[in-house]
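Shown next: query19.cif, given as mmCIF, C-alpha atoms.
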```cif
data_query
loop_
_atom_site.group_PDB
_atom_site.id
_atom_site.type_symbol
_atom_site.label_atom_id
_atom_site.label_comp_id
_atom_site.auth_asym_id
_atom_site.auth_seq_id
_atom_site.Cartn_x
_atom_site.Cartn_y
_atom_site.Cartn_z
ATOM 1 C CA MET A 1 94.531 2.286 53.368
ATOM 2 C CA VAL A 2 92.265 5.116 52.240
ATOM 3 C CA GLU A 3 91.426 7.652 54.948
ATOM 4 C CA ASP A 4 87.864 7.547 56.195
ATOM 5 C CA VAL A 5 86.322 10.636 54.568
ATOM 6 C CA THR A 6 83.319 10.526 56.871
ATOM 7 C CA ARG A 7 85.524 10.917 59.940
ATOM 8 C CA THR A 8 87.474 13.782 58.337
ATOM 9 C CA VAL A 9 84.330 15.661 57.313
ATOM 10 C CA ARG A 10 83.069 15.538 60.912
ATOM 11 C CA THR A 11 86.185 17.394 62.036
ATOM 12 C CA PRO A 12 85.299 21.058 62.610
ATOM 13 C CA CYS A 13 86.536 23.232 59.745
ATOM 14 C CA LEU A 14 87.959 26.590 60.832
ATOM 15 C CA CYS A 15 87.473 28.095 57.368
ATOM 16 C CA HIS A 16 83.798 27.119 57.238
ATOM 17 C CA ALA A 17 83.145 28.363 60.772
ATOM 18 C CA LEU A 18 84.838 31.724 60.091
ATOM 19 C CA ARG A 19 83.082 32.223 56.744
ATOM 20 C CA LYS A 20 79.690 31.330 58.198
ATOM 21 C CA ALA A 21 80.193 33.772 61.068
ATOM 22 C CA SER A 22 81.521 36.434 58.704
ATOM 23 C CA ARG A 23 78.533 36.150 56.364
ATOM 24 C CA ALA A 24 76.049 36.360 59.242
ATOM 25 C CA VAL A 25 77.767 39.345 60.850
ATOM 26 C CA SER A 26 78.165 41.071 57.466
ATOM 27 C CA ARG A 27 74.424 40.673 56.818
ATOM 28 C CA LEU A 28 73.641 42.368 60.134
ATOM 29 C CA TYR A 29 75.991 45.285 59.397
ATOM 30 C CA ASP A 30 74.796 45.502 55.777
ATOM 31 C CA ASP A 31 71.182 45.728 56.945
ATOM 32 C CA GLU A 32 72.056 48.744 59.081
ATOM 33 C CA LEU A 33 74.326 50.409 56.508
ATOM 34 C CA ARG A 34 71.777 49.919 53.709
ATOM 35 C CA THR A 35 69.849 52.845 55.228
ATOM 36 C CA VAL A 36 72.685 55.155 54.086
ATOM 37 C CA GLY A 37 73.417 53.394 50.792
ATOM 38 C CA LEU A 38 76.611 51.585 51.806
ATOM 39 C CA ARG A 39 77.732 48.003 52.245
ATOM 40 C CA THR A 40 80.009 46.823 55.025
ATOM 41 C CA THR A 41 82.951 46.501 52.640
ATOM 42 C CA GLN A 42 82.463 50.076 51.429
ATOM 43 C CA PHE A 43 82.180 51.435 54.966
ATOM 44 C CA SER A 44 85.366 49.592 55.934
ATOM 45 C CA LEU A 45 87.262 51.010 52.955
ATOM 46 C CA LEU A 46 86.082 54.549 53.685
ATOM 47 C CA ALA A 47 86.995 54.204 57.362
ATOM 48 C CA TYR A 48 90.411 52.792 56.508
ATOM 49 C CA LEU A 49 91.138 55.545 53.978
ATOM 50 C CA HIS A 50 90.009 58.177 56.472
ATOM 51 C CA ARG A 51 92.508 56.828 59.026
ATOM 52 C CA THR A 52 95.450 56.364 56.671
ATOM 53 C CA GLY A 53 95.076 59.053 54.043
ATOM 54 C CA GLU A 54 96.231 58.357 50.508
ATOM 55 C CA VAL A 55 97.470 54.820 49.915
ATOM 56 C CA ARG A 56 98.560 52.743 46.928
ATOM 57 C CA GLN A 57 95.738 50.512 45.762
ATOM 58 C CA GLY A 58 97.979 47.432 45.906
ATOM 59 C CA ASP A 59 98.974 48.236 49.486
ATOM 60 C CA LEU A 60 95.320 48.781 50.393
ATOM 61 C CA GLY A 61 94.574 45.221 49.306
ATOM 62 C CA GLU A 62 97.429 43.812 51.356
ATOM 63 C CA LEU A 63 96.525 45.838 54.440
ATOM 64 C CA MET A 64 92.887 44.741 54.269
ATOM 65 C CA SER A 65 93.645 41.143 53.157
ATOM 66 C CA LEU A 66 91.835 41.620 49.848
ATOM 67 C CA GLU A 67 92.813 40.476 46.366
ATOM 68 C CA GLU A 68 93.667 43.373 44.063
ATOM 69 C CA THR A 69 90.699 42.578 41.806
ATOM 70 C CA THR A 70 88.427 42.719 44.875
ATOM 71 C CA VAL A 71 89.873 46.102 45.851
ATOM 72 C CA THR A 72 89.261 47.382 42.309
ATOM 73 C CA ARG A 73 85.677 46.070 42.355
ATOM 74 C CA ASN A 74 85.006 47.590 45.809
ATOM 75 C CA VAL A 75 86.618 50.953 45.032
ATOM 76 C CA ARG A 76 84.712 51.447 41.758
ATOM 77 C CA PRO A 77 81.307 52.337 43.321
ATOM 78 C CA LEU A 78 83.052 54.588 45.859
ATOM 79 C CA VAL A 79 84.637 56.506 42.995
ATOM 80 C CA SER A 80 81.264 56.660 41.188
ATOM 81 C CA GLY A 81 79.681 58.030 44.371
ATOM 82 C CA GLY A 82 82.374 60.710 44.584
ATOM 83 C CA TRP A 83 83.511 59.342 47.975
ATOM 84 C CA VAL A 84 86.953 58.197 46.833
ATOM 85 C CA SER A 85 89.359 59.434 44.204
ATOM 86 C CA VAL A 86 92.026 57.468 42.379
ATOM 87 C CA ARG A 87 95.062 58.995 40.726
ATOM 88 C CA VAL A 88 97.808 57.453 38.660
ATOM 89 C CA GLY A 89 101.267 57.399 40.236
ATOM 90 C CA ILE A 90 104.649 58.041 38.649
ATOM 91 C CA ASP A 91 104.523 54.533 37.243
ATOM 92 C CA ARG A 92 101.263 54.549 35.243
ATOM 93 C CA ARG A 93 100.422 51.082 36.622
ATOM 94 C CA GLU A 94 100.467 52.481 40.148
ATOM 95 C CA LYS A 95 97.167 53.839 41.495
ATOM 96 C CA TRP A 96 96.766 55.958 44.618
ATOM 97 C CA VAL A 97 93.428 55.950 46.450
ATOM 98 C CA THR A 98 92.198 58.646 48.820
ATOM 99 C CA ILE A 99 88.937 59.552 50.515
ATOM 100 C CA THR A 100 87.273 62.775 49.341
ATOM 101 C CA GLU A 101 85.429 65.383 51.405
ATOM 102 C CA ALA A 102 82.189 63.804 50.171
ATOM 103 C CA GLY A 103 83.545 60.435 51.372
ATOM 104 C CA ILE A 104 84.252 61.840 54.808
ATOM 105 C CA ALA A 105 80.698 63.226 54.900
ATOM 106 C CA LYS A 106 79.328 59.815 53.821
ATOM 107 C CA LEU A 107 81.374 58.117 56.517
ATOM 108 C CA LYS A 108 79.973 60.506 59.141
ATOM 109 C CA GLU A 109 76.443 59.852 57.835
ATOM 110 C CA ALA A 110 77.035 56.085 58.037
ATOM 111 C CA LEU A 111 78.590 56.082 61.496
ATOM 112 C CA PRO A 112 75.290 55.866 63.436
ATOM 113 C CA ALA A 113 74.272 52.806 61.355
ATOM 114 C CA TRP A 114 77.622 51.167 62.056
ATOM 115 C CA VAL A 115 77.258 51.960 65.778
ATOM 116 C CA ARG A 116 73.789 50.337 65.768
ATOM 117 C CA ALA A 117 75.252 47.187 64.197
ATOM 118 C CA GLN A 118 78.103 47.136 66.720
ATOM 119 C CA ARG A 119 75.629 47.497 69.596
ATOM 120 C CA LYS A 120 73.439 44.703 68.228
ATOM 121 C CA MET A 121 76.377 42.309 68.035
ATOM 122 C CA LYS A 122 77.724 43.330 71.411
ATOM 123 C CA ALA A 123 74.275 42.848 72.968
ATOM 124 C CA VAL A 124 74.002 39.230 71.815
ATOM 125 C CA LEU A 125 77.552 38.163 72.668
ATOM 126 C CA PRO A 126 78.856 37.736 76.188
ATOM 127 C CA GLU A 127 81.446 40.433 76.944
ATOM 128 C CA GLN A 128 84.275 37.900 77.244
ATOM 129 C CA VAL A 129 83.431 36.394 73.845
ATOM 130 C CA TRP A 130 83.349 39.898 72.324
ATOM 131 C CA GLN A 131 86.757 40.743 73.808
ATOM 132 C CA ASN A 132 88.244 37.371 72.846
ATOM 133 C CA LEU A 133 87.098 37.694 69.237
ATOM 134 C CA LEU A 134 88.553 41.185 68.919
ATOM 135 C CA ALA A 135 91.812 39.910 70.414
ATOM 136 C CA VAL A 136 92.189 36.656 68.495
ATOM 137 C CA LEU A 137 90.810 37.377 65.010
ATOM 138 C CA PRO A 138 93.727 39.655 63.983
ATOM 139 C CA ASP A 139 96.083 36.846 65.043
ATOM 140 C CA VAL A 140 94.091 34.340 62.967
ATOM 141 C CA ALA A 141 94.317 36.629 59.923
ATOM 142 C CA GLN A 142 98.063 37.144 60.405
ATOM 143 C CA ALA A 143 98.700 33.425 60.863
ATOM 144 C CA ALA A 144 96.809 32.652 57.645
ATOM 145 C CA VAL A 145 98.882 35.221 55.723
ATOM 146 C CA GLN A 146 102.088 33.644 57.011
ATOM 147 C CA GLY A 147 100.553 30.193 56.403
#
```
Exercise: express the given structure as structure tokens:
Amino acid sequence: MVEDVTRTVRTPCLCHALRKASRAVSRLYDDELRTVGLRTTQFSLLAYLHRTGEVRQGDLGELMSLEETTVTRNVRPLVSGGWVSVRVGIDRREKWVTITEAGIAKLKEALPAWVRAQRKMKAVLPEQVWQNLLAVLPDVAQAAVQG
């Protein structure tokens, strides 16, 4: 017997719910960061590089759960802006990414916009929901990787 597609489609889809939430939250953060010429993805990369220092581009993708082509596409404008530098490793296929002094300055310039976005989200979510999301979302990401 063929499964009833209608019943299956009515089942809540975790992927859809997460993507919908992610797009909405990203729009809010992007609106704030646009004032300093950054997107959420760029801010996240700069912040990550500032915390970690130089990192292999392939490792950066794994650590941030991004495909290598996505990392390349997101790093390119940061290099063009002078905020990130990329150097070739011992193996010419290996690329090392690091934040520059200009990138650190851009990150500091963007921080108030990021704080505004954080405050907006925190203001509209009950504190327990905020705390639960911050606690559970890393577990969701890890579980999907292990999938």
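Within the file as shown, the PyMOL selection byres ((chain A and resi 58) around 9) identifies Val55, Arg56, Gln57, Asp59, Leu60, Gly61, Glu62, Leu63, Glu67, Glu68, Val71, Glu94, Lys95 and Trp96 of chain A.
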Quiz item: Residues at most 9 Å from segment 17-26 of chain A, counting only C-alpha atoms, excluding those fewer than 3 positions away in the same chain, as a PyMOL selection string?
Solution: chain A and resi 12-14+29-31+39-41+117+121
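The residues returned by the PyMOL selection byres ((chain A and resi 101) around 12) for this structure are Leu46, Leu49, His50, Gly53, Gly81, Gly82, Trp83, Val84, Ser85, Thr98, Ile99, Thr100, Ala102, Gly103, Ile104, Ala105, Lys106, Leu107 and Lys108 of chain A.
Near Val36 of chain A, within a cut-off of 9 Å and counting all atoms listed in the file, sit the residues Glu32, Lys106, Glu109, Ala110 and Ala113 of chain A, with same-chain residues fewer than 4 positions away left out.
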How big is the axis-aligned box, and where does its centre sit, when it encloses all atoms of segment 75-89 of chain A listed in the file and has 6 Å added on every side, reported in Å to one decimal as lines of an AutoDock Vina configuration file?
```
center_x = 90.5
center_y = 55.8
center_z = 43.3
size_x = 33.6
size_y = 21.8
size_z = 21.3
```
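Between atom CA of Leu38 of chain A and atom CA of Val79 of chain A lies a distance of 12.9 Å.
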Shortest contact to Thr72 of chain A, candidates A:Val86, A:Leu134, A:Asp139, A:Ala123, atoms counted only C-alpha atoms, goes to A:Val86
Could segment 105-116 of chain A be completed with all heavy atoms and returned as a PDB file, in the frame of the given file?
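Dumped to part24.pdb:
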```
ATOM      1  N   ALA A 105      82.085  62.923  54.530  1.00  0.00           N
ATOM      2  CA  ALA A 105      80.698  63.226  54.900  1.00  0.00           C
ATOM      3  C   ALA A 105      79.856  61.948  54.889  1.00  0.00           C
ATOM      4  O   ALA A 105      79.022  61.737  55.786  1.00  0.00           O
ATOM      5  CB  ALA A 105      80.107  64.270  53.948  1.00  0.00           C
ATOM      6  N   LYS A 106      80.068  61.078  53.898  1.00  0.00           N
ATOM      7  CA  LYS A 106      79.328  59.815  53.821  1.00  0.00           C
ATOM      8  C   LYS A 106      79.672  58.923  55.005  1.00  0.00           C
ATOM      9  O   LYS A 106      78.794  58.286  55.593  1.00  0.00           O
ATOM     10  CB  LYS A 106      79.637  59.103  52.502  1.00  0.00           C
ATOM     11  CG  LYS A 106      78.768  57.907  52.240  1.00  0.00           C
ATOM     12  CD  LYS A 106      77.322  58.341  52.108  1.00  0.00           C
ATOM     13  CE  LYS A 106      76.458  57.313  51.469  1.00  0.00           C
ATOM     14  NZ  LYS A 106      75.063  57.754  51.405  1.00  0.00           N
ATOM     15  N   LEU A 107      80.935  58.903  55.373  1.00  0.00           N
ATOM     16  CA  LEU A 107      81.374  58.117  56.517  1.00  0.00           C
ATOM     17  C   LEU A 107      80.703  58.619  57.798  1.00  0.00           C
ATOM     18  O   LEU A 107      80.218  57.821  58.611  1.00  0.00           O
ATOM     19  CB  LEU A 107      82.895  58.193  56.633  1.00  0.00           C
ATOM     20  CG  LEU A 107      83.584  57.287  57.629  1.00  0.00           C
ATOM     21  CD1 LEU A 107      83.274  55.824  57.359  1.00  0.00           C
ATOM     22  CD2 LEU A 107      85.084  57.536  57.603  1.00  0.00           C
ATOM     23  N   LYS A 108      80.639  59.931  57.965  1.00  0.00           N
ATOM     24  CA  LYS A 108      79.973  60.506  59.141  1.00  0.00           C
ATOM     25  C   LYS A 108      78.482  60.175  59.136  1.00  0.00           C
ATOM     26  O   LYS A 108      77.900  59.887  60.178  1.00  0.00           O
ATOM     27  CB  LYS A 108      80.181  62.015  59.186  1.00  0.00           C
ATOM     28  CG  LYS A 108      81.597  62.404  59.581  1.00  0.00           C
ATOM     29  CD  LYS A 108      81.788  63.902  59.576  1.00  0.00           C
ATOM     30  CE  LYS A 108      83.226  64.255  59.939  1.00  0.00           C
ATOM     31  NZ  LYS A 108      83.493  65.684  59.830  1.00  0.00           N
ATOM     32  N   GLU A 109      77.860  60.207  57.955  1.00  0.00           N
ATOM     33  CA  GLU A 109      76.443  59.852  57.835  1.00  0.00           C
ATOM     34  C   GLU A 109      76.222  58.383  58.200  1.00  0.00           C
ATOM     35  O   GLU A 109      75.217  58.032  58.822  1.00  0.00           O
ATOM     36  CB  GLU A 109      75.966  60.108  56.402  1.00  0.00           C
ATOM     37  CG  GLU A 109      74.540  59.703  56.133  1.00  0.00           C
ATOM     38  CD  GLU A 109      74.168  59.744  54.661  1.00  0.00           C
ATOM     39  OE1 GLU A 109      75.003  60.135  53.813  1.00  0.00           O
ATOM     40  OE2 GLU A 109      73.031  59.347  54.347  1.00  0.00           O
ATOM     41  N   ALA A 110      77.173  57.526  57.822  1.00  0.00           N
ATOM     42  CA  ALA A 110      77.035  56.085  58.037  1.00  0.00           C
ATOM     43  C   ALA A 110      77.386  55.655  59.459  1.00  0.00           C
ATOM     44  O   ALA A 110      76.980  54.572  59.898  1.00  0.00           O
ATOM     45  CB  ALA A 110      77.919  55.338  57.044  1.00  0.00           C
ATOM     46  N   LEU A 111      78.111  56.470  60.168  1.00  0.00           N
ATOM     47  CA  LEU A 111      78.590  56.082  61.496  1.00  0.00           C
ATOM     48  C   LEU A 111      77.478  55.637  62.451  1.00  0.00           C
ATOM     49  O   LEU A 111      77.618  54.606  63.120  1.00  0.00           O
ATOM     50  CB  LEU A 111      79.424  57.210  62.105  1.00  0.00           C
ATOM     51  CG  LEU A 111      80.224  56.834  63.340  1.00  0.00           C
ATOM     52  CD1 LEU A 111      81.157  55.667  63.082  1.00  0.00           C
ATOM     53  CD2 LEU A 111      81.007  58.039  63.840  1.00  0.00           C
ATOM     54  N   PRO A 112      76.350  56.342  62.532  1.00  0.00           N
ATOM     55  CA  PRO A 112      75.290  55.866  63.436  1.00  0.00           C
ATOM     56  C   PRO A 112      74.775  54.462  63.070  1.00  0.00           C
ATOM     57  O   PRO A 112      74.471  53.669  63.966  1.00  0.00           O
ATOM     58  CB  PRO A 112      74.183  56.917  63.286  1.00  0.00           C
ATOM     59  CG  PRO A 112      74.900  58.148  62.841  1.00  0.00           C
ATOM     60  CD  PRO A 112      76.024  57.660  61.960  1.00  0.00           C
ATOM     61  N   ALA A 113      74.710  54.141  61.780  1.00  0.00           N
ATOM     62  CA  ALA A 113      74.272  52.806  61.355  1.00  0.00           C
ATOM     63  C   ALA A 113      75.293  51.754  61.785  1.00  0.00           C
ATOM     64  O   ALA A 113      74.925  50.673  62.262  1.00  0.00           O
ATOM     65  CB  ALA A 113      74.073  52.762  59.844  1.00  0.00           C
ATOM     66  N   TRP A 114      76.557  52.077  61.637  1.00  0.00           N
ATOM     67  CA  TRP A 114      77.622  51.167  62.056  1.00  0.00           C
ATOM     68  C   TRP A 114      77.572  50.969  63.583  1.00  0.00           C
ATOM     69  O   TRP A 114      77.693  49.845  64.074  1.00  0.00           O
ATOM     70  CB  TRP A 114      78.981  51.702  61.623  1.00  0.00           C
ATOM     71  CG  TRP A 114      80.122  50.859  62.082  1.00  0.00           C
ATOM     72  CD1 TRP A 114      80.608  49.738  61.477  1.00  0.00           C
ATOM     73  CD2 TRP A 114      80.919  51.068  63.252  1.00  0.00           C
ATOM     74  NE1 TRP A 114      81.661  49.237  62.197  1.00  0.00           N
ATOM     75  CE2 TRP A 114      81.869  50.037  63.296  1.00  0.00           C
ATOM     76  CE3 TRP A 114      80.922  52.029  64.257  1.00  0.00           C
ATOM     77  CZ2 TRP A 114      82.819  49.942  64.311  1.00  0.00           C
ATOM     78  CZ3 TRP A 114      81.861  51.935  65.271  1.00  0.00           C
ATOM     79  CH2 TRP A 114      82.797  50.888  65.286  1.00  0.00           C
ATOM     80  N   VAL A 115      77.350  52.045  64.319  1.00  0.00           N
ATOM     81  CA  VAL A 115      77.258  51.960  65.778  1.00  0.00           C
ATOM     82  C   VAL A 115      76.076  51.063  66.177  1.00  0.00           C
ATOM     83  O   VAL A 115      76.188  50.240  67.093  1.00  0.00           O
ATOM     84  CB  VAL A 115      77.142  53.368  66.421  1.00  0.00           C
ATOM     85  CG1 VAL A 115      76.740  53.289  67.883  1.00  0.00           C
ATOM     86  CG2 VAL A 115      78.454  54.128  66.258  1.00  0.00           C
ATOM     87  N   ARG A 116      74.945  51.192  65.480  1.00  0.00           N
ATOM     88  CA  ARG A 116      73.789  50.337  65.768  1.00  0.00           C
ATOM     89  C   ARG A 116      74.151  48.864  65.561  1.00  0.00           C
ATOM     90  O   ARG A 116      73.802  48.003  66.376  1.00  0.00           O
ATOM     91  CB  ARG A 116      72.594  50.713  64.896  1.00  0.00           C
ATOM     92  CG  ARG A 116      71.850  51.942  65.361  1.00  0.00           C
ATOM     93  CD  ARG A 116      70.508  52.104  64.653  1.00  0.00           C
ATOM     94  NE  ARG A 116      70.587  52.093  63.196  1.00  0.00           N
ATOM     95  CZ  ARG A 116      70.827  53.176  62.447  1.00  0.00           C
ATOM     96  NH1 ARG A 116      71.015  54.363  63.019  1.00  0.00           N
ATOM     97  NH2 ARG A 116      70.863  53.079  61.140  1.00  0.00           N
TER      98      ARG A 116
END
```
